[in-house]
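The file final_33.cif contains mmCIF, C-alpha atoms:
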data_structure
#
loop_
_atom_site.label_atom_id
_atom_site.label_comp_id
_atom_site.auth_asym_id
_atom_site.auth_seq_id
_atom_site.Cartn_x
_atom_site.Cartn_y
_atom_site.Cartn_z
CA MET A 1386 26.47 -68.44 30.61
CA GLY A 1387 29.34 -67.10 28.58
CA GLU A 1388 29.00 -63.88 26.57
CA LEU A 1389 28.92 -65.79 23.29
CA HIS A 1390 25.95 -67.86 24.55
CA LEU A 1391 24.06 -64.66 25.34
CA GLU A 1392 24.87 -63.08 21.96
CA ILE A 1393 23.54 -66.18 20.18
CA LEU A 1394 20.33 -66.16 22.24
CA VAL A 1395 19.72 -62.47 21.50
CA ASP A 1396 20.34 -63.12 17.81
CA ARG A 1397 17.85 -66.02 17.85
CA LEU A 1398 15.24 -63.84 19.54
CA ARG A 1399 15.51 -61.33 16.71
CA ARG A 1400 15.96 -63.72 13.79
CA GLU A 1401 13.63 -66.62 14.68
CA PHE A 1402 11.04 -65.00 16.93
CA LYS A 1403 11.14 -61.42 15.56
CA VAL A 1404 11.45 -60.07 19.12
CA GLU A 1405 13.40 -56.84 19.55
CA CYS A 1406 15.04 -56.41 22.95
CA ASN A 1407 17.08 -53.82 24.78
CA GLN A 1408 20.53 -55.06 25.75
CA GLY A 1409 22.00 -53.58 28.90
CA ALA A 1410 25.38 -54.05 30.50
CA PRO A 1411 25.50 -57.17 32.71
CA GLN A 1412 24.79 -56.51 36.40
CA VAL A 1413 27.03 -57.77 39.19
CA ALA A 1414 25.33 -59.38 42.21
CA TYR A 1415 27.06 -57.48 45.00
CA LYS A 1416 26.26 -58.20 48.64
CA GLU A 1417 26.56 -56.20 51.85
CA THR A 1418 27.83 -57.13 55.29
CA ILE A 1419 28.89 -55.37 58.50
CA THR A 1420 32.28 -55.25 60.20
CA GLY A 1421 31.38 -53.64 63.55
CA THR A 1422 29.10 -54.21 66.53
CA VAL A 1423 26.37 -51.88 67.74
CA GLU A 1424 23.72 -51.95 70.46
CA HIS A 1425 20.44 -50.22 69.69
CA ARG A 1426 17.07 -49.60 71.33
CA GLU A 1427 14.05 -49.10 69.09
CA VAL A 1428 10.65 -47.99 70.35
CA TYR A 1429 7.77 -48.15 67.89
CA LYS A 1430 4.74 -46.22 69.07
CA LYS A 1431 1.67 -45.22 67.11
CA GLN A 1432 -1.59 -43.80 68.46
CA THR A 1433 -4.46 -43.15 66.07
CA GLY A 1434 -7.42 -43.19 68.42
CA GLY A 1435 -8.60 -46.48 69.82
CA ARG A 1436 -6.10 -49.30 69.89
CA GLY A 1437 -2.57 -48.17 69.05
CA LYS A 1438 0.73 -49.87 68.23
CA PHE A 1439 3.61 -50.36 70.64
CA ALA A 1440 6.86 -52.34 70.64
CA ASP A 1441 10.13 -51.78 72.46
CA ILE A 1442 13.27 -53.83 71.68
CA GLN A 1443 16.93 -53.60 72.60
CA VAL A 1444 19.28 -55.51 70.30
CA ARG A 1445 22.95 -56.10 69.64
CA ILE A 1446 23.85 -56.30 65.94
CA GLU A 1447 27.21 -57.80 64.94
CA PRO A 1448 28.90 -59.81 62.17
CA ARG A 1449 28.53 -63.59 62.18
CA GLU A 1450 31.58 -65.82 62.47
CA GLU A 1451 33.45 -66.21 59.20
CA ASN A 1452 32.99 -69.26 56.96
CA VAL A 1453 29.48 -70.12 58.18
CA GLU A 1454 27.93 -72.87 56.09
CA VAL A 1455 24.51 -71.21 55.74
CA PRO A 1456 24.67 -67.43 55.21
CA GLY A 1457 21.90 -65.17 56.45
CA LEU A 1458 20.52 -64.20 59.84
CA GLU A 1459 21.62 -65.72 63.15
CA PHE A 1460 19.05 -64.72 65.78
CA VAL A 1461 19.69 -65.15 69.52
CA ASN A 1462 16.97 -64.56 72.10
CA GLU A 1463 18.26 -63.49 75.52
CA ILE A 1464 14.97 -62.17 76.92
CA LYS A 1465 14.41 -63.22 80.51
CA GLY A 1466 11.48 -62.72 82.85
CA GLY A 1467 8.85 -62.22 80.15
CA ASN A 1468 9.79 -58.60 79.32
CA ILE A 1469 8.58 -59.49 75.82
CA PRO A 1470 5.93 -62.25 75.58
CA ARG A 1471 7.16 -65.42 73.88
CA GLU A 1472 4.68 -65.13 70.99
CA PHE A 1473 6.22 -61.81 69.86
CA ILE A 1474 9.84 -63.06 69.66
CA PRO A 1475 9.47 -64.74 66.21
CA SER A 1476 8.09 -61.44 64.85
CA VAL A 1477 11.32 -59.67 65.83
CA GLU A 1478 13.34 -62.34 64.00
CA LYS A 1479 11.03 -62.13 60.97
CA GLY A 1480 11.41 -58.33 60.82
CA PHE A 1481 15.22 -58.53 60.71
CA ASP A 1482 15.15 -61.42 58.23
CA MET A 1483 12.93 -59.50 55.82
CA ALA A 1484 14.91 -56.27 56.22
CA MET A 1485 18.15 -58.05 55.19
CA SER A 1486 16.95 -58.25 51.58
CA ASN A 1487 17.68 -54.52 51.32
CA GLY A 1488 21.15 -53.35 52.42
CA VAL A 1489 21.75 -49.86 53.80
CA LEU A 1490 24.64 -48.92 51.47
CA ALA A 1491 23.29 -49.60 47.99
CA GLY A 1492 20.24 -51.81 48.48
CA TYR A 1493 22.03 -55.14 47.91
CA GLN A 1494 21.24 -58.27 49.94
CA MET A 1495 22.81 -58.31 53.42
CA ASP A 1496 25.00 -61.41 53.49
CA ASN A 1497 25.41 -62.28 57.18
CA LEU A 1498 24.06 -60.75 60.37
CA LYS A 1499 23.91 -61.80 64.00
CA VAL A 1500 21.14 -60.18 66.05
CA THR A 1501 20.84 -60.73 69.81
CA LEU A 1502 17.58 -59.63 71.42
CA LEU A 1503 18.69 -58.31 74.82
CA ASP A 1504 15.69 -56.61 76.36
CA GLY A 1505 12.46 -54.78 75.64
CA SER A 1506 8.95 -54.10 76.86
CA PHE A 1507 5.36 -54.36 75.65
CA HIS A 1508 1.92 -52.91 76.24
CA ALA A 1509 -0.87 -55.23 77.30
CA VAL A 1510 -3.35 -53.69 74.84
CA ASP A 1511 -1.34 -51.98 72.06
CA SER A 1512 1.39 -54.56 71.43
CA ASP A 1513 0.97 -57.21 68.75
CA GLN A 1514 3.12 -59.26 66.39
CA LEU A 1515 3.10 -56.63 63.63
CA SER A 1516 4.32 -53.93 66.02
CA PHE A 1517 7.39 -55.99 66.95
CA GLU A 1518 8.05 -56.89 63.31
CA LEU A 1519 7.98 -53.19 62.34
CA ALA A 1520 10.19 -52.27 65.32
CA ALA A 1521 12.77 -54.82 64.11
CA LYS A 1522 12.74 -53.36 60.58
CA MET A 1523 13.20 -49.85 61.97
CA ALA A 1524 16.02 -51.04 64.27
CA TYR A 1525 17.76 -52.57 61.23
CA ARG A 1526 17.54 -49.33 59.21
CA ASN A 1527 18.72 -47.17 62.12
CA ALA A 1528 21.43 -49.40 63.61
CA VAL A 1529 23.15 -51.14 60.67
CA PRO A 1530 24.63 -47.88 59.23
CA LYS A 1531 26.51 -47.51 62.55
CA ALA A 1532 27.95 -51.06 62.33
CA LYS A 1533 30.52 -50.21 59.61
CA PRO A 1534 28.74 -51.78 56.61
CA VAL A 1535 30.81 -52.74 53.54
CA LEU A 1536 30.15 -54.06 50.04
CA LEU A 1537 31.20 -57.56 48.95
CA GLU A 1538 31.86 -58.50 45.32
CA PRO A 1539 31.96 -61.92 43.60
CA ILE A 1540 35.49 -63.13 42.84
CA MET A 1541 35.97 -65.55 39.94
CA LYS A 1542 38.56 -68.27 39.57
CA ILE A 1543 40.02 -68.10 36.05
CA GLU A 1544 42.33 -70.44 34.19
CA VAL A 1545 43.93 -69.30 30.92
CA VAL A 1546 45.65 -71.74 28.54
CA THR A 1547 48.03 -69.88 26.21
CA PRO A 1548 51.16 -70.27 24.09
CA GLU A 1549 54.20 -68.96 26.00
CA GLU A 1550 54.80 -65.90 23.80
CA TYR A 1551 51.52 -64.28 24.95
CA MET A 1552 51.99 -64.87 28.69
CA GLY A 1553 53.35 -61.40 29.52
CA ASP A 1554 50.48 -59.58 27.83
CA ILE A 1555 47.83 -61.83 29.39
CA VAL A 1556 49.28 -61.54 32.93
CA GLY A 1557 49.52 -57.76 32.51
CA ASP A 1558 45.89 -57.60 31.38
CA LEU A 1559 44.73 -59.67 34.39
CA ASN A 1560 46.69 -57.38 36.74
CA ARG A 1561 44.94 -54.36 35.23
CA ARG A 1562 41.64 -56.10 36.00
CA ARG A 1563 42.56 -56.25 39.73
CA GLY A 1564 43.50 -59.92 39.41
CA HIS A 1565 45.60 -61.88 41.91
CA MET A 1566 47.90 -64.47 40.37
CA GLU A 1567 47.51 -67.93 41.93
CA GLY A 1568 50.19 -69.73 39.97
CA MET A 1569 51.51 -70.78 36.57
CA ASP A 1570 51.99 -74.24 35.12
CA SER A 1571 52.67 -75.93 31.80
CA ARG A 1572 50.63 -78.63 30.12
CA ALA A 1573 51.31 -80.26 26.74
CA GLY A 1574 53.50 -77.39 25.55
CA ALA A 1575 51.02 -74.69 26.63
CA GLN A 1576 51.24 -72.35 29.63
CA ILE A 1577 48.49 -72.36 32.28
CA ILE A 1578 47.81 -69.11 34.16
CA LYS A 1579 45.63 -69.35 37.28
CA ALA A 1580 44.22 -66.22 38.90
CA LYS A 1581 41.33 -64.81 40.90
CA VAL A 1582 39.66 -61.72 39.46
CA PRO A 1583 36.56 -59.68 40.43
CA LEU A 1584 33.60 -60.51 38.20
CA SER A 1585 32.95 -56.81 37.53
CA GLU A 1586 36.30 -56.62 35.68
CA MET A 1587 35.70 -59.68 33.47
CA PHE A 1588 32.97 -58.48 31.11
CA GLY A 1589 34.29 -58.59 27.56
CA TYR A 1590 37.28 -60.71 28.58
CA VAL A 1591 36.76 -63.40 25.95
CA THR A 1592 37.11 -60.80 23.18
CA SER A 1593 40.15 -59.18 24.84
CA LEU A 1594 41.88 -62.54 25.26
CA ARG A 1595 41.25 -63.38 21.61
CA THR A 1596 42.85 -60.07 20.60
CA LEU A 1597 45.86 -60.45 22.95
CA SER A 1598 46.66 -63.97 21.75
CA SER A 1599 45.63 -63.79 18.09
CA GLY A 1600 42.85 -66.24 18.94
CA ARG A 1601 45.21 -68.93 20.28
CA ALA A 1602 44.44 -68.70 24.04
CA SER A 1603 41.35 -70.01 25.81
CA SER A 1604 39.96 -69.49 29.29
CA THR A 1605 37.55 -71.05 31.79
CA MET A 1606 35.97 -69.20 34.68
CA GLU A 1607 33.96 -70.23 37.73
CA PHE A 1608 32.75 -68.58 40.93
CA SER A 1609 35.21 -68.66 43.85
CA HIS A 1610 33.97 -66.51 46.75
CA TYR A 1611 32.81 -63.07 47.86
CA ASP A 1612 35.38 -60.54 49.04
CA ARG A 1613 35.36 -57.00 50.37
CA VAL A 1614 35.40 -54.15 47.85
CA SER A 1615 38.07 -51.46 48.27
CA ASN A 1616 36.82 -48.08 49.57
CA ASN A 1617 37.25 -46.10 46.34
CA ILE A 1618 35.43 -48.73 44.23
CA GLN A 1619 32.72 -49.03 46.90
CA GLU A 1620 32.10 -45.28 46.64
CA GLU A 1621 31.84 -45.54 42.84
CA ILE A 1622 29.27 -48.38 43.08
CA ILE A 1623 27.15 -46.53 45.67
CA ALA A 1624 27.25 -43.32 43.59
CA LYS A 1625 26.20 -45.27 40.47
CA VAL A 1626 23.27 -46.93 42.29
CA LYS A 1627 22.10 -43.62 43.78
CA GLY A 1628 22.37 -42.01 40.34
CA LYS A 1629 20.07 -44.68 38.84
CA VAL A 1630 17.55 -44.29 41.67
CA GLU A 1631 17.44 -40.50 41.27
CA ALA A 1632 17.12 -40.83 37.50
#
Show this structure as structure tokens.
Amino acid sequence: MGELHLEILVDRLRREFKVECNQGAPQVAYKETITGTVEHREVYKKQTGGRGKFADIQVRIEPREENVEVPGLEFVNEIKGGNIPREFIPSVEKGFDMAMSNGVLAGYQMDNLKVTLLDGSFHAVDSDQLSFELAAKMAYRNAVPKAKPVLLEPIMKIEVVTPEEYMGDIVGDLNRRRGHMEGMDSRAGAQIIKAKVPLSEMFGYVTSLRTLSSGRASSTMEFSHYDRVSNNIQEEIIAKVKGKVEA
């Protein structure tokens, strides 16, 4: 929804339904991914008297190939010779799949991950499905920080229709918002500016555009893709998230 839609809905809540609400700044749906490869061995062992818990897995964690149609976890089982019984393998996959909902940098969803189960061992009495699921979650938490994780941000495709005299100001404003110009065109006497801009920089843009063009320019925006966040901005986002958690 556009910002005007949201303002109208909030106004209706107050006026028609007499419901007061707290308005916060919009939140950006960042994602996390990894850029490196790491091999890791995780041994989960718990003894509490009586039957204990035991699972031992060795995994390779790496990025998936780019432009995969279905994002998420790619799990490869390379266990040979029954080092881990077949019924425990899905539990390892499930553990990694569940862990991906919480990234290691700032808690955002992990976008893509390839996990290869290389080796492991089990105990005839103490091993069960839950033990291997927990071992996978622990392996994720311990290994992913070593695989060069990065933040990804949503990039929006924007098209601005404006009279020619406002083009310089509008292009300058988009550049300040970390925008990348895609091209310019003309249509029925108006100038068309096409660009890709991070969503985090576009809050309040409708109002800014109205001010820059004396209300004569209009814009449309749609999602384009996710792209890597620069290091300094990544540090700011992580610091902000940690600040909220501590508060």
Contact residues around Met1587 in chain A with only C-alpha atoms at 9 Å, ignoring same-chain residues under 5 positions, as a list of chain:residue names = A:Met1541, A:Arg1562, A:Val1582
Would you export the selected residues with C-alpha atoms as an mmCIF file, in the frame of the given file, please?
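out_39.cif, freshly written:
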data_model
loop_
_atom_site.group_PDB
_atom_site.id
_atom_site.type_symbol
_atom_site.label_atom_id
_atom_site.label_comp_id
_atom_site.auth_asym_id
_atom_site.auth_seq_id
_atom_site.Cartn_x
_atom_site.Cartn_y
_atom_site.Cartn_z
ATOM 1 C CA MET A 1541 35.970 -65.550 39.940
ATOM 2 C CA ARG A 1562 41.640 -56.100 36.000
ATOM 3 C CA VAL A 1582 39.660 -61.720 39.460
#
Please provide the set of residues having any atom within 9 Å of range 1530-1533 of chain A, restricted to all atoms listed in the file, with same-chain residues fewer than 6 positions apart removed, written as a PyMOL selection string.
-> chain A and resi 1418-1423+1446-1448+1489-1490
Calculate how many Å separate CA of Ala1575 in chain A from CA of Thr1547 in chain A, rounding to one decimal.
-> 5.7 Å
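Residue nearest Asn1497 in chain A, chosen from A:Met1569, A:Ile1469, A:Met1485, A:Cys1406 and counting all atoms listed in the file: A:Met1485.
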Using only C-alpha atoms, the residue out of A:Leu1515, A:Gly1457, A:Ile1555, A:Ile1622 with shortest distance to Met1495 in chain A is A:Gly1457
8 Å contact set for Arg1449 in chain A, all atoms listed in the file, chain neighbours under 4 positions out, as number ranges by chain = A: 1453, 1459, 1497-1499
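Listed by chain and then by number, the residues chosen by the PyMOL selection byres ((chain A and resi 1611) around 7) in this file are Leu1537, Glu1538, Pro1539, Ile1540, His1610 and Asp1612 of chain A.
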Close residues, Glu1417 in chain A itself excluded, 8 Å, only C-alpha atoms, min 6 positions apart in chain, as a PyMOL selection string | chain A and resi 1488+1490+1493-1496+1534-1537
Find, counting only C-alpha atoms, the residue in A:Ala1521, A:Val1614, A:Val1404, A:Leu1394 that gets nearest to Gln1443 in chain A.
-> A:Ala1521
With distances taken over all atoms listed in the file, which of A:Glu1586, A:Asp1513, A:Asp1441, A:Glu1472 is nearest to Arg1563 in chain A?
-> A:Glu1586
Check what the PyMOL selection byres ((chain A and resi 1554) around 12) selects in the file above and give those residues as a ChimeraX atom specification.
-> /A:1547-1553,1555-1561,1578,1593-1599,1602
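With all atoms listed in the file as the atoms that count, the minimum distance from Phe1517 in chain A to the choices A:Leu1389, A:Ala1440, A:Ile1464, A:Leu1503 is reached by A:Ala1440.
Nearest-residue note for Gly1574 in chain A: choosing from A:Phe1473, A:Tyr1429, A:Val1546, A:Arg1399, the minimum distance belongs to A:Val1546, counting all atoms listed in the file.
Pairwise distance (CA of Gly1568 in chain A, CA of Asn1452 in chain A) equals 24.2 Å.
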Could you state which residues are captured by the PyMOL selection byres ((chain A and resi 1542) around 8) in this file, as a ChimeraX atom specification?
-> /A:1540-1541,1543-1544,1579-1582,1606-1609
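Between CA of Asp1511 in chain A and CA of Phe1439 in chain A there is a distance of 5.4 Å.
The list of residues with at least one atom within 6 Å of Lys1438 in chain A, based on all atoms listed in the file and without residues fewer than 4 positions apart in the same chain, reads A:Lys1430, A:Lys1431, A:Asp1511, A:Ser1512, A:Ser1516.
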Restrict the selected residues to C-alpha atoms and save them as a JSON list (two decimals), in the coordinates of the input.
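part-v9.json, freshly written:
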[["chain", "number", "residue", "atom", "x", "y", "z"],
["A", 1430, "LYS", "CA", 4.74, -46.22, 69.07],
["A", 1431, "LYS", "CA", 1.67, -45.22, 67.11],
["A", 1511, "ASP", "CA", -1.34, -51.98, 72.06],
["A", 1512, "SER", "CA", 1.39, -54.56, 71.43],
["A", 1516, "SER", "CA", 4.32, -53.93, 66.02]]
Extending 8 Å beyond the listed atoms of range 1449-1463 of chain A on each side, what axis-aligned box results? I want centre and edge lengths in Å to one decimal, as AutoDock Vina command-line options.
--center_x 25.2 --center_y -68.2 --center_z 65.4 --size_x 32.5 --size_y 25.4 --size_z 36.3
Please complete range 1574-1600 of chain A so it has N, CA and C atoms, and hand it over as a PDB file, keeping the file's coordinate frame.
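That gives us part-v2.pdb:
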ATOM      1  N   GLY A1574      52.888 -78.457  26.335  1.00  0.00           N
ATOM      2  CA  GLY A1574      53.500 -77.390  25.550  1.00  0.00           C
ATOM      3  C   GLY A1574      52.834 -76.035  25.699  1.00  0.00           C
ATOM      4  N   ALA A1575      51.704 -75.971  26.416  1.00  0.00           N
ATOM      5  CA  ALA A1575      51.020 -74.690  26.630  1.00  0.00           C
ATOM      6  C   ALA A1575      51.222 -74.221  28.069  1.00  0.00           C
ATOM      7  N   GLN A1576      51.103 -72.914  28.295  1.00  0.00           N
ATOM      8  CA  GLN A1576      51.240 -72.350  29.630  1.00  0.00           C
ATOM      9  C   GLN A1576      49.857 -72.159  30.262  1.00  0.00           C
ATOM     10  N   ILE A1577      49.756 -72.502  31.543  1.00  0.00           N
ATOM     11  CA  ILE A1577      48.490 -72.360  32.280  1.00  0.00           C
ATOM     12  C   ILE A1577      48.658 -71.221  33.290  1.00  0.00           C
ATOM     13  N   ILE A1578      47.801 -70.226  33.200  1.00  0.00           N
ATOM     14  CA  ILE A1578      47.810 -69.110  34.160  1.00  0.00           C
ATOM     15  C   ILE A1578      46.563 -69.233  35.033  1.00  0.00           C
ATOM     16  N   LYS A1579      46.765 -69.260  36.349  1.00  0.00           N
ATOM     17  CA  LYS A1579      45.630 -69.350  37.280  1.00  0.00           C
ATOM     18  C   LYS A1579      45.556 -68.055  38.086  1.00  0.00           C
ATOM     19  N   ALA A1580      44.367 -67.492  38.185  1.00  0.00           N
ATOM     20  CA  ALA A1580      44.220 -66.220  38.900  1.00  0.00           C
ATOM     21  C   ALA A1580      42.811 -66.106  39.469  1.00  0.00           C
ATOM     22  N   LYS A1581      42.655 -65.159  40.382  1.00  0.00           N
ATOM     23  CA  LYS A1581      41.330 -64.810  40.900  1.00  0.00           C
ATOM     24  C   LYS A1581      41.090 -63.343  40.592  1.00  0.00           C
ATOM     25  N   VAL A1582      39.949 -63.064  39.959  1.00  0.00           N
ATOM     26  CA  VAL A1582      39.660 -61.720  39.460  1.00  0.00           C
ATOM     27  C   VAL A1582      38.213 -61.354  39.799  1.00  0.00           C
ATOM     28  N   PRO A1583      37.951 -60.096  40.180  1.00  0.00           N
ATOM     29  CA  PRO A1583      36.560 -59.680  40.430  1.00  0.00           C
ATOM     30  C   PRO A1583      35.715 -59.816  39.166  1.00  0.00           C
ATOM     31  N   LEU A1584      34.497 -60.309  39.334  1.00  0.00           N
ATOM     32  CA  LEU A1584      33.600 -60.510  38.200  1.00  0.00           C
ATOM     33  C   LEU A1584      33.338 -59.208  37.440  1.00  0.00           C
ATOM     34  N   SER A1585      33.267 -58.095  38.166  1.00  0.00           N
ATOM     35  CA  SER A1585      32.950 -56.810  37.530  1.00  0.00           C
ATOM     36  C   SER A1585      34.005 -56.406  36.493  1.00  0.00           C
ATOM     37  N   GLU A1586      35.222 -56.963  36.600  1.00  0.00           N
ATOM     38  CA  GLU A1586      36.300 -56.620  35.680  1.00  0.00           C
ATOM     39  C   GLU A1586      36.395 -57.586  34.493  1.00  0.00           C
ATOM     40  N   MET A1587      35.524 -58.612  34.462  1.00  0.00           N
ATOM     41  CA  MET A1587      35.700 -59.680  33.470  1.00  0.00           C
ATOM     42  C   MET A1587      34.740 -59.609  32.292  1.00  0.00           C
ATOM     43  N   PHE A1588      33.861 -58.594  32.266  1.00  0.00           N
ATOM     44  CA  PHE A1588      32.970 -58.480  31.110  1.00  0.00           C
ATOM     45  C   PHE A1588      33.779 -58.116  29.880  1.00  0.00           C
ATOM     46  N   GLY A1589      33.548 -58.822  28.795  1.00  0.00           N
ATOM     47  CA  GLY A1589      34.290 -58.590  27.560  1.00  0.00           C
ATOM     48  C   GLY A1589      35.649 -59.266  27.524  1.00  0.00           C
ATOM     49  N   TYR A1590      35.938 -60.123  28.517  1.00  0.00           N
ATOM     50  CA  TYR A1590      37.280 -60.710  28.580  1.00  0.00           C
ATOM     51  C   TYR A1590      37.568 -61.673  27.433  1.00  0.00           C
ATOM     52  N   VAL A1591      36.552 -62.415  27.022  1.00  0.00           N
ATOM     53  CA  VAL A1591      36.760 -63.400  25.950  1.00  0.00           C
ATOM     54  C   VAL A1591      37.277 -62.698  24.687  1.00  0.00           C
ATOM     55  N   THR A1592      36.680 -61.565  24.359  1.00  0.00           N
ATOM     56  CA  THR A1592      37.110 -60.800  23.180  1.00  0.00           C
ATOM     57  C   THR A1592      38.522 -60.254  23.368  1.00  0.00           C
ATOM     58  N   SER A1593      38.805 -59.724  24.564  1.00  0.00           N
ATOM     59  CA  SER A1593      40.150 -59.180  24.840  1.00  0.00           C
ATOM     60  C   SER A1593      41.213 -60.262  24.736  1.00  0.00           C
ATOM     61  N   LEU A1594      40.913 -61.441  25.287  1.00  0.00           N
ATOM     62  CA  LEU A1594      41.880 -62.540  25.260  1.00  0.00           C
ATOM     63  C   LEU A1594      42.157 -62.985  23.825  1.00  0.00           C
ATOM     64  N   ARG A1595      41.096 -63.010  23.019  1.00  0.00           N
ATOM     65  CA  ARG A1595      41.250 -63.380  21.610  1.00  0.00           C
ATOM     66  C   ARG A1595      42.185 -62.396  20.910  1.00  0.00           C
ATOM     67  N   THR A1596      42.024 -61.104  21.219  1.00  0.00           N
ATOM     68  CA  THR A1596      42.850 -60.070  20.600  1.00  0.00           C
ATOM     69  C   THR A1596      44.304 -60.173  21.062  1.00  0.00           C
ATOM     70  N   LEU A1597      44.503 -60.385  22.383  1.00  0.00           N
ATOM     71  CA  LEU A1597      45.860 -60.450  22.950  1.00  0.00           C
ATOM     72  C   LEU A1597      46.658 -61.632  22.419  1.00  0.00           C
ATOM     73  N   SER A1598      45.952 -62.732  22.108  1.00  0.00           N
ATOM     74  CA  SER A1598      46.660 -63.970  21.750  1.00  0.00           C
ATOM     75  C   SER A1598      46.450 -64.374  20.304  1.00  0.00           C
ATOM     76  N   SER A1599      45.932 -63.470  19.495  1.00  0.00           N
ATOM     77  CA  SER A1599      45.630 -63.790  18.090  1.00  0.00           C
ATOM     78  C   SER A1599      44.714 -65.015  17.991  1.00  0.00           C
ATOM     79  N   GLY A1600      43.825 -65.152  18.942  1.00  0.00           N
ATOM     80  CA  GLY A1600      42.850 -66.240  18.940  1.00  0.00           C
ATOM     81  C   GLY A1600      43.374 -67.585  19.395  1.00  0.00           C
TER      82      GLY A1600
END
